[in-house]
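Visitor: Got a structure here, written out as structure tokens. Questions coming.
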Amino acid sequence: MKSLDVKVWGVRKRNTKKSSYDVRWTVAGSVFSEQFRTKGLADHYRSKLLRAAHAGEEFDTATGLPDPMVEQAASMTWYAFALKYLAMKWPHAAPNTRNGINEALTAVTMALLDERPGQPSEELIRRALRNWAFVLPGPDEREWPTEIANTLHWVAKASRPLTDLGDAAIGRAVLDSLKLKLDGTAAAAETVRRKRRTLVNALHYAVDLGEFKENPITGIRWKKPKVAGQVDPRVVANPAQARSLLTAVSYVGGYGWARGRRLVGLFACMYYGALRPAEAVGLTEADLKLPEAGWGTVLLNRTRPSVGKQWTDSGETHDDRGLKNRPAEEVRLVPIPPQLVAILRQHLDTFGTAEDGRLFANERRGVVGSSTYYRVWQEARALALPPAAVASPLAARPYDLRHSALSTWLNSGVDPTEVAERAGNSVEVLLSRYAKCIDGRQEIVNRKIEKLLREYE
């Protein structure tokens, strides 16, 4: 059908509980319409129809679309591509990375859905994507609940073509959607950057598959949210505060139940040894050298990060992995001071080890979960700190004990290369992260400036 028989009408807002916009046009007397979540997307679609009509392109009388858009509509959808990308990434990704990929793919998929009859609630769509579609083994290999099957069938039909992301306006709209949480408030900068990173990586894969000549997202001029790369000096506890907090941990849950006492050594490893929580949770007695006097050592070789069962290959809540960002076989030797040696010796004398040799265990001898030690830590802060300090960021999270340890080492004059080696970081990352936590630098600089000024008096 020639474009002379085409008439494109305006964009109309639908009077429904959820805002949507219609684009209506006629081809050879037949009326067609498409619905969009935002006015910007609707205006963009209308502009494409108008350009095709003005260019004299032929319109299909069955679909009402110009020939190029008919071909585009028949191409792979974003949802179908996202499933292929997930299948490629999943086997080689760490559990927490899998969770992040799932979260990003869900967000992008929600942003690339057209309005169609029978649309489920957004909460149900998101749940179906998070818990079923973007988890392996995939929905094809499991029995679907009826409402999940119906929801994902609707998503497959409503998903926009992958090639739509080649349009800068649509790509920008998707990126902007990543900046918002479900309640419409701004998402954390690191969350936005992580989701964008997944989207960019996914579209690199689309380039590999021949869907795009180049990555369409990297060419969009879009202001990334700024992420704070430095540790807030307010979270750093001094040695006196750290000792007070560790003492308070031993009082949590009472003496007999020992809910806190069995975790004193766990938190002490984070403060005196600068261990990451997952490294401390994975410690075994075989990893330790604890002399009766003087310094000991910890040989780190595994971590037990706390993640959901659906993200691990074993189906267990805790993954069992090597050191963070290191080859699986790599180890890290960390000297530990006499204070930590004494705490760990006492822990072994009192509680022994779990069946697999783990140093720290919960009341049922299982792996200590992050929610368990986080609750104990919050109760300890309330016991050890005055109300104003409890309300402050001071040692608000167990991980802040590691920040306190590294800041203490740097301020004591230990060479940054040695600190980085013990911490498992690069020197560049260490100094950039802890620049604001190193005391005394301003005083040194002030003396130098003062000396220079006096020379000219």
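In the structure tokens, chains take the letters A, B, ... in the order shown, each chain's residues start at 1, and ligands count up from 1 in the order shown.
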If you run DSSP over the backbone, which residues in region 184-370 of chain A end up helix (DSSP H, G or I)? Put them as a VMD selection string.
Guide: chain A and resid 189 to 208 233 to 235 239 to 249 261 to 272 277 to 281 285 to 287 309 to 311 338 to 351 370
Visitor: Please report, as a tab-separated table, each residue of region 78-182 of chain A lying at most 12 Å from region 225-249 of chain A, together with the nearest pair of atoms and the separation in Å rounded to one decimal; use only C-alpha atoms, and order rows by chain and ascending residue number.
Guide:
residue	atom	partner	partner_atom	distance
A:Leu175	CA	A:Pro225	CA	11.2
A:Asp176	CA	A:Pro225	CA	10.8
A:Leu178	CA	A:Pro225	CA	10.8
A:Lys179	CA	A:Pro225	CA	8.5
A:Leu180	CA	A:Pro225	CA	11.8
Visitor: Restricting it to N, CA, C and O atoms, dump the selection as an mmCIF file, in the first residue's frame.
Guide:
data_model
loop_
_atom_site.group_PDB
_atom_site.id
_atom_site.type_symbol
_atom_site.label_atom_id
_atom_site.label_comp_id
_atom_site.auth_asym_id
_atom_site.auth_seq_id
_atom_site.Cartn_x
_atom_site.Cartn_y
_atom_site.Cartn_z
ATOM 1 N N LEU A 175 18.083 3.678 29.937
ATOM 2 C CA LEU A 175 19.098 4.069 30.915
ATOM 3 C C LEU A 175 18.486 4.918 32.029
ATOM 4 O O LEU A 175 18.816 4.741 33.206
ATOM 5 N N ASP A 176 17.601 5.837 31.663
ATOM 6 C CA ASP A 176 16.966 6.679 32.675
ATOM 7 C C ASP A 176 16.114 5.847 33.632
ATOM 8 O O ASP A 176 16.011 6.169 34.821
ATOM 9 N N LEU A 178 16.782 3.031 34.781
ATOM 10 C CA LEU A 178 17.645 2.353 35.748
ATOM 11 C C LEU A 178 17.946 3.226 36.956
ATOM 12 O O LEU A 178 18.405 2.727 37.987
ATOM 13 N N LYS A 179 17.679 4.513 36.850
ATOM 14 C CA LYS A 179 17.979 5.437 37.944
ATOM 15 C C LYS A 179 16.934 5.423 39.048
ATOM 16 O O LYS A 179 17.123 6.044 40.092
ATOM 17 N N LEU A 180 15.810 4.731 38.814
ATOM 18 C CA LEU A 180 14.711 4.765 39.773
ATOM 19 C C LEU A 180 14.483 3.412 40.426
ATOM 20 O O LEU A 180 14.613 2.367 39.794
#
Visitor: I need the residue nearest Thr97 (chain A) from this list: A:Thr198, A:Asn362, A:Gln346, A:Asn301. Use only C-alpha atoms for the distance.
Guide: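 Answer, going by the shortest atom-to-atom distance: A:Thr198.
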Visitor: If you run DSSP over the backbone, which residues in region 17-51 of chain A end up strand (DSSP E or B)? Put them as a list in words.
Guide: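 Going through region 17-51 of chain A, the strand (DSSP E or B) residues come out as Tyr21, Asp22, Val23, Arg24, Trp25, Thr26, Val27, Ser30, Val31, Phe32, Ser33, Glu34, Gln35 and Phe36 of chain A.
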Visitor: Write the residues of the preceding selection, restricted to C-alpha atoms, as a PDB file, in the first residue's frame.
Guide:
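See result.pdb below for the written result:
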ATOM      1  CA  TYR A  21      -0.279   6.680  25.480  1.00  0.00           C
ATOM      2  CA  ASP A  22      -1.827   5.648  22.187  1.00  0.00           C
ATOM      3  CA  VAL A  23      -0.497   6.298  18.693  1.00  0.00           C
ATOM      4  CA  ARG A  24      -3.245   5.873  16.059  1.00  0.00           C
ATOM      5  CA  TRP A  25      -2.981   5.861  12.280  1.00  0.00           C
ATOM      6  CA  THR A  26      -4.874   4.602   9.247  1.00  0.00           C
ATOM      7  CA  VAL A  27      -3.717   2.652   6.209  1.00  0.00           C
ATOM      8  CA  SER A  30      -8.089   0.594   8.334  1.00  0.00           C
ATOM      9  CA  VAL A  31      -7.320   1.977  11.797  1.00  0.00           C
ATOM     10  CA  PHE A  32      -4.201   0.780  13.712  1.00  0.00           C
ATOM     11  CA  SER A  33      -2.880   1.718  17.147  1.00  0.00           C
ATOM     12  CA  GLU A  34       0.014   1.033  19.511  1.00  0.00           C
ATOM     13  CA  GLN A  35       0.263   1.726  23.248  1.00  0.00           C
ATOM     14  CA  PHE A  36       3.349   3.036  25.099  1.00  0.00           C
TER      15      PHE A  36
END
Visitor: Between A:His92, A:Lys157, A:Arg130, A:Arg276, which residue has the minimum interatomic distance to Asp114 (chain A), considering only C-alpha atoms?
Guide: A:Lys157
Visitor: How many Å separate CA of Tyr271 (chain A) from CA of Leu401 (chain A)?
Guide: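 A separation of 4.8 Å between them.
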